[in-house]
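Undergrad: Questions regarding the structure given below will be posed in turn.
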Amino acid sequence: MKVIVPGSFDPVTLGHVDLFERASKMFDEVVAAILINPNKAGWMPTDDRMRLVSECVSHLQNVSVLSWNGLLAKLAVDERADAIVRGLRCGAEFEAEYPYAMLNEKLSGVETIFIASNPTLAVVSSSGVRELALFGSVPQGIVPEPVKEYIDNMQPLAATYSTVRD
C-alpha cells in the first residue's frame with residue numbers, strides 16, 4: 001500500500017519525523033510530499049526543505065520525498081496512492097482536516113487516514129519552530145539535528161528589529 005504524507009514541512013519537526021517513521025511501519029511505500037502553496041511565502045526555500053526532509057528520513061528505506069505545486073488530490077492520482085496520511089495533534093485539527101479529507105476523496109477517490117500524534121510531540125509545530133527561530137535558536141527535542149543546525153546558522157530575525165523601551 002502506497003500513501004502520501006503531505007505538508008509544508010517549513011521546517012520539518014520531530015513530530016513529522018515520528019509520523020514518517022510510524023507510517024513507514026504500517027505501509028509499503030510512503031511519499032513525503034512537500035506541498036507548495038502559491039498563496040503563501042515559504043519561510044525556507046523549497047530546495048532546503050527537500051534536502052532537510054530527505055536527510056531526516058534517510059534511515060527509512062520505504063520513504064521518498066518530492067515537492068508538488070498543485071492539488072493534493074491530483075498528486076494522489078498521479079502517484080497512484082492508496083491513501084493520504086495526516087497527523088493530528090488535537091481534536092481541533094480533526095475539525096480543520098476533515099473537510100479537506102472529504103474533498104480529496106471526492107476529487108480523487110483516495111481516502112485520508114488520520115494518525116494521532118505522539119503525545120510527547122503534540123506541542124511541536126512548524127509555526128512554533130519559526131517563532132522560536134525568530135529569537136535565535138530552537139531547543140533540543142523539537143526538530144531533527146540537521147534542522148537545528150540550519151536554524152542555528154540563520155541570522156536571528158529579532159536582531160534586525162529595533163527595540164522600544166518605556
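Chain labels follow the order of the C-alpha cells: the first chain is A, the next B, and so on; residue numbering restarts at 1 in every chain, and ligands are counted from 1 in their shown order.
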Looking only at alpha helix (DSSP H) from DSSP on the backbone, list the matching residues of region 23-144 of chain A as a ChimeraX atom specification.
TA: /A:23-26,46-56,72-78,91-108,126-134
Undergrad: For Cys56 (chain A), work out the shell of residues within 9 Å, counting only C-alpha atoms and skipping chain neighbours fewer than 2 positions away, then give it as a VMD selection string.
TA: chain A and resid 12 17 51 to 54 58 to 60 144 to 147
Undergrad: Restricted to C-alpha atoms, what would the selected residues look like written as a tab-separated table (two decimals), in the first residue's frame?
TA:
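Below is the file selection32.tsv, written as the result:
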chain	number	residue	atom	x	y	z
A	12	VAL	CA	10.29	19.59	9.31
A	17	VAL	CA	9.68	12.51	11.50
A	51	ARG	CA	17.15	18.44	1.41
A	52	LEU	CA	16.30	18.54	5.11
A	53	VAL	CA	13.30	16.20	4.87
A	54	SER	CA	15.42	13.80	2.78
A	58	SER	CA	17.27	8.72	5.10
A	59	HIS	CA	17.11	5.92	7.69
A	60	LEU	CA	13.70	4.85	6.36
A	144	PRO	CA	15.90	16.91	13.98
A	145	GLU	CA	19.57	17.81	14.29
A	146	PRO	CA	20.03	18.87	10.61
A	147	VAL	CA	17.13	21.32	11.00
Undergrad: Return the single residue from A:Glu29, A:Asp10, A:Glu21, A:Asp47 that is closest to Ile115 (chain A), with distances computed using only C-alpha atoms.
TA: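 Using only C-alpha atoms, the shortest distance to Ile115 (chain A) belongs to A:Glu21.
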Undergrad: Residues near Met50 (chain A), anyone? I mean within 9 Å using only C-alpha atoms, not counting same-chain ones fewer than 5 positions away, as a VMD selection string.
TA: chain A and resid 9 34 45 55 65 to 67
Undergrad: Which polymer residues have any atom within 12 Å of an atom of Asn104 (chain A), counting only C-alpha atoms, with same-chain residues fewer than 3 positions away left out, as a ChimeraX atom specification?
TA: /A:71-77,83-85,97-101,107-113
Undergrad: Just the residues within 9 Å of region 38-42 of chain A, please, counting only C-alpha atoms, with nothing from its chain fewer than 6 positions along; format it as a VMD selection string.
TA: chain A and resid 8 10 69 to 70
Undergrad: Using DSSP secondary structure from the backbone, list all strand (DSSP E or B) positions within chain A, as a PDB file with N, CA and C atoms, in the first residue's frame.
TA:
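What ended up in selection.pdb:
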ATOM      1  N   LYS A   2       0.574   2.177  -0.892  1.00  0.00           N
ATOM      2  CA  LYS A   2       1.338   3.417  -1.029  1.00  0.00           C
ATOM      3  C   LYS A   2       0.525   4.575  -0.463  1.00  0.00           C
ATOM      4  N   VAL A   3       1.166   5.395   0.382  1.00  0.00           N
ATOM      5  CA  VAL A   3       0.496   6.551   0.975  1.00  0.00           C
ATOM      6  C   VAL A   3       1.318   7.816   0.760  1.00  0.00           C
ATOM      7  N   ILE A   4       0.614   8.924   0.785  1.00  0.00           N
ATOM      8  CA  ILE A   4       1.245  10.244   0.715  1.00  0.00           C
ATOM      9  C   ILE A   4       1.058  10.923   2.054  1.00  0.00           C
ATOM     10  N   VAL A   5       2.139  11.463   2.595  1.00  0.00           N
ATOM     11  CA  VAL A   5       2.084  12.279   3.812  1.00  0.00           C
ATOM     12  C   VAL A   5       2.406  13.708   3.367  1.00  0.00           C
ATOM     13  N   PRO A   6       1.370  14.540   3.193  1.00  0.00           N
ATOM     14  CA  PRO A   6       1.595  15.894   2.687  1.00  0.00           C
ATOM     15  C   PRO A   6       1.839  16.904   3.788  1.00  0.00           C
ATOM     16  N   GLY A   7       2.504  17.985   3.438  1.00  0.00           N
ATOM     17  CA  GLY A   7       2.703  19.088   4.371  1.00  0.00           C
ATOM     18  C   GLY A   7       3.625  20.119   3.775  1.00  0.00           C
ATOM     19  N   GLU A  29       4.950   1.786   1.033  1.00  0.00           N
ATOM     20  CA  GLU A  29       5.646   2.928   0.450  1.00  0.00           C
ATOM     21  C   GLU A  29       5.032   4.210   0.988  1.00  0.00           C
ATOM     22  N   VAL A  30       5.896   5.127   1.435  1.00  0.00           N
ATOM     23  CA  VAL A  30       5.460   6.407   1.989  1.00  0.00           C
ATOM     24  C   VAL A  30       6.126   7.521   1.183  1.00  0.00           C
ATOM     25  N   VAL A  31       5.307   8.457   0.713  1.00  0.00           N
ATOM     26  CA  VAL A  31       5.816   9.611  -0.022  1.00  0.00           C
ATOM     27  C   VAL A  31       5.616  10.843   0.850  1.00  0.00           C
ATOM     28  N   ALA A  32       6.712  11.465   1.261  1.00  0.00           N
ATOM     29  CA  ALA A  32       6.652  12.734   1.980  1.00  0.00           C
ATOM     30  C   ALA A  32       6.542  13.816   0.910  1.00  0.00           C
ATOM     31  N   ALA A  33       5.373  14.418   0.805  1.00  0.00           N
ATOM     32  CA  ALA A  33       5.099  15.388  -0.252  1.00  0.00           C
ATOM     33  C   ALA A  33       5.132  16.802   0.305  1.00  0.00           C
ATOM     34  N   ILE A  34       6.140  17.562  -0.106  1.00  0.00           N
ATOM     35  CA  ILE A  34       6.254  18.957   0.295  1.00  0.00           C
ATOM     36  C   ILE A  34       5.361  19.759  -0.643  1.00  0.00           C
ATOM     37  N   LEU A  35       4.248  20.234  -0.100  1.00  0.00           N
ATOM     38  CA  LEU A  35       3.284  20.957  -0.921  1.00  0.00           C
ATOM     39  C   LEU A  35       3.641  22.435  -0.974  1.00  0.00           C
ATOM     40  N   VAL A  63      10.629   5.377   2.412  1.00  0.00           N
ATOM     41  CA  VAL A  63      10.120   6.746   2.377  1.00  0.00           C
ATOM     42  C   VAL A  63      10.885   7.536   1.321  1.00  0.00           C
ATOM     43  N   SER A  64      10.138   8.168   0.422  1.00  0.00           N
ATOM     44  CA  SER A  64      10.728   9.050  -0.579  1.00  0.00           C
ATOM     45  C   SER A  64      10.184  10.456  -0.383  1.00  0.00           C
ATOM     46  N   VAL A  65      10.838  11.433  -0.994  1.00  0.00           N
ATOM     47  CA  VAL A  65      10.473  12.836  -0.813  1.00  0.00           C
ATOM     48  C   VAL A  65      10.295  13.480  -2.182  1.00  0.00           C
ATOM     49  N   LEU A  66       9.241  14.270  -2.316  1.00  0.00           N
ATOM     50  CA  LEU A  66       9.047  15.052  -3.536  1.00  0.00           C
ATOM     51  C   LEU A  66       8.392  16.371  -3.169  1.00  0.00           C
ATOM     52  N   SER A  67       8.452  17.328  -4.091  1.00  0.00           N
ATOM     53  CA  SER A  67       7.719  18.574  -3.891  1.00  0.00           C
ATOM     54  C   SER A  67       6.626  18.632  -4.950  1.00  0.00           C
ATOM     55  N   TRP A  68       5.543  19.336  -4.629  1.00  0.00           N
ATOM     56  CA  TRP A  68       4.382  19.377  -5.508  1.00  0.00           C
ATOM     57  C   TRP A  68       3.741  20.744  -5.461  1.00  0.00           C
ATOM     58  N   ALA A  83      -3.782   5.942  -0.258  1.00  0.00           N
ATOM     59  CA  ALA A  83      -4.329   6.766   0.814  1.00  0.00           C
ATOM     60  C   ALA A  83      -3.440   7.979   1.041  1.00  0.00           C
ATOM     61  N   ILE A  84      -4.019   8.950   1.725  1.00  0.00           N
ATOM     62  CA  ILE A  84      -3.305  10.125   2.221  1.00  0.00           C
ATOM     63  C   ILE A  84      -3.249   9.959   3.735  1.00  0.00           C
ATOM     64  N   VAL A  85      -2.101  10.248   4.340  1.00  0.00           N
ATOM     65  CA  VAL A  85      -1.949  10.139   5.792  1.00  0.00           C
ATOM     66  C   VAL A  85      -1.733  11.536   6.355  1.00  0.00           C
ATOM     67  N   ARG A  86      -2.507  11.861   7.375  1.00  0.00           N
ATOM     68  CA  ARG A  86      -2.361  13.132   8.073  1.00  0.00           C
ATOM     69  C   ARG A  86      -2.197  12.874   9.555  1.00  0.00           C
ATOM     70  N   GLY A  87      -1.288  13.593  10.181  1.00  0.00           N
ATOM     71  CA  GLY A  87      -1.111  13.521  11.624  1.00  0.00           C
ATOM     72  C   GLY A  87      -2.021  14.527  12.308  1.00  0.00           C
ATOM     73  N   LEU A  88      -2.548  14.142  13.449  1.00  0.00           N
ATOM     74  CA  LEU A  88      -3.420  15.030  14.220  1.00  0.00           C
ATOM     75  C   LEU A  88      -2.865  15.195  15.626  1.00  0.00           C
ATOM     76  N   GLU A 111      -8.822   7.886   0.003  1.00  0.00           N
ATOM     77  CA  GLU A 111      -9.206   8.124   1.401  1.00  0.00           C
ATOM     78  C   GLU A 111      -8.059   8.762   2.182  1.00  0.00           C
ATOM     79  N   THR A 112      -8.414   9.461   3.254  1.00  0.00           N
ATOM     80  CA  THR A 112      -7.424  10.010   4.184  1.00  0.00           C
ATOM     81  C   THR A 112      -7.458   9.195   5.463  1.00  0.00           C
ATOM     82  N   ILE A 113      -6.271   8.840   5.939  1.00  0.00           N
ATOM     83  CA  ILE A 113      -6.109   8.116   7.200  1.00  0.00           C
ATOM     84  C   ILE A 113      -5.481   9.082   8.196  1.00  0.00           C
ATOM     85  N   PHE A 114      -6.113   9.233   9.357  1.00  0.00           N
ATOM     86  CA  PHE A 114      -5.596  10.122  10.393  1.00  0.00           C
ATOM     87  C   PHE A 114      -4.849   9.302  11.436  1.00  0.00           C
ATOM     88  N   ILE A 115      -3.664   9.797  11.812  1.00  0.00           N
ATOM     89  CA  ILE A 115      -2.864   9.152  12.850  1.00  0.00           C
ATOM     90  C   ILE A 115      -2.658  10.167  13.970  1.00  0.00           C
ATOM     91  N   ALA A 116      -3.032   9.780  15.181  1.00  0.00           N
ATOM     92  CA  ALA A 116      -2.830  10.660  16.336  1.00  0.00           C
ATOM     93  C   ALA A 116      -1.344  10.808  16.600  1.00  0.00           C
TER      94      ALA A 116
END
Undergrad: At what distance in Å, to one decimal, does CA of Leu19 (chain A) lie from CA of Asn153 (chain A)?
TA: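 That distance, rounded to one decimal, is 26.3 Å.
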Undergrad: Which residues come within 12 Å of Gly128 (chain A), counting only C-alpha atoms, excluding same-chain residues fewer than 2 positions away, as a ChimeraX atom specification?
TA: /A:10-13,122-126,130-135,137-139,142-143
Undergrad: Quick one: distance from CA of Gly91 (chain A) to CA of Val129 (chain A) in Å, one decimal?
TA: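 Atom-to-atom, CA of Gly91 (chain A) and CA of Val129 (chain A) are spaced 21.1 Å apart.
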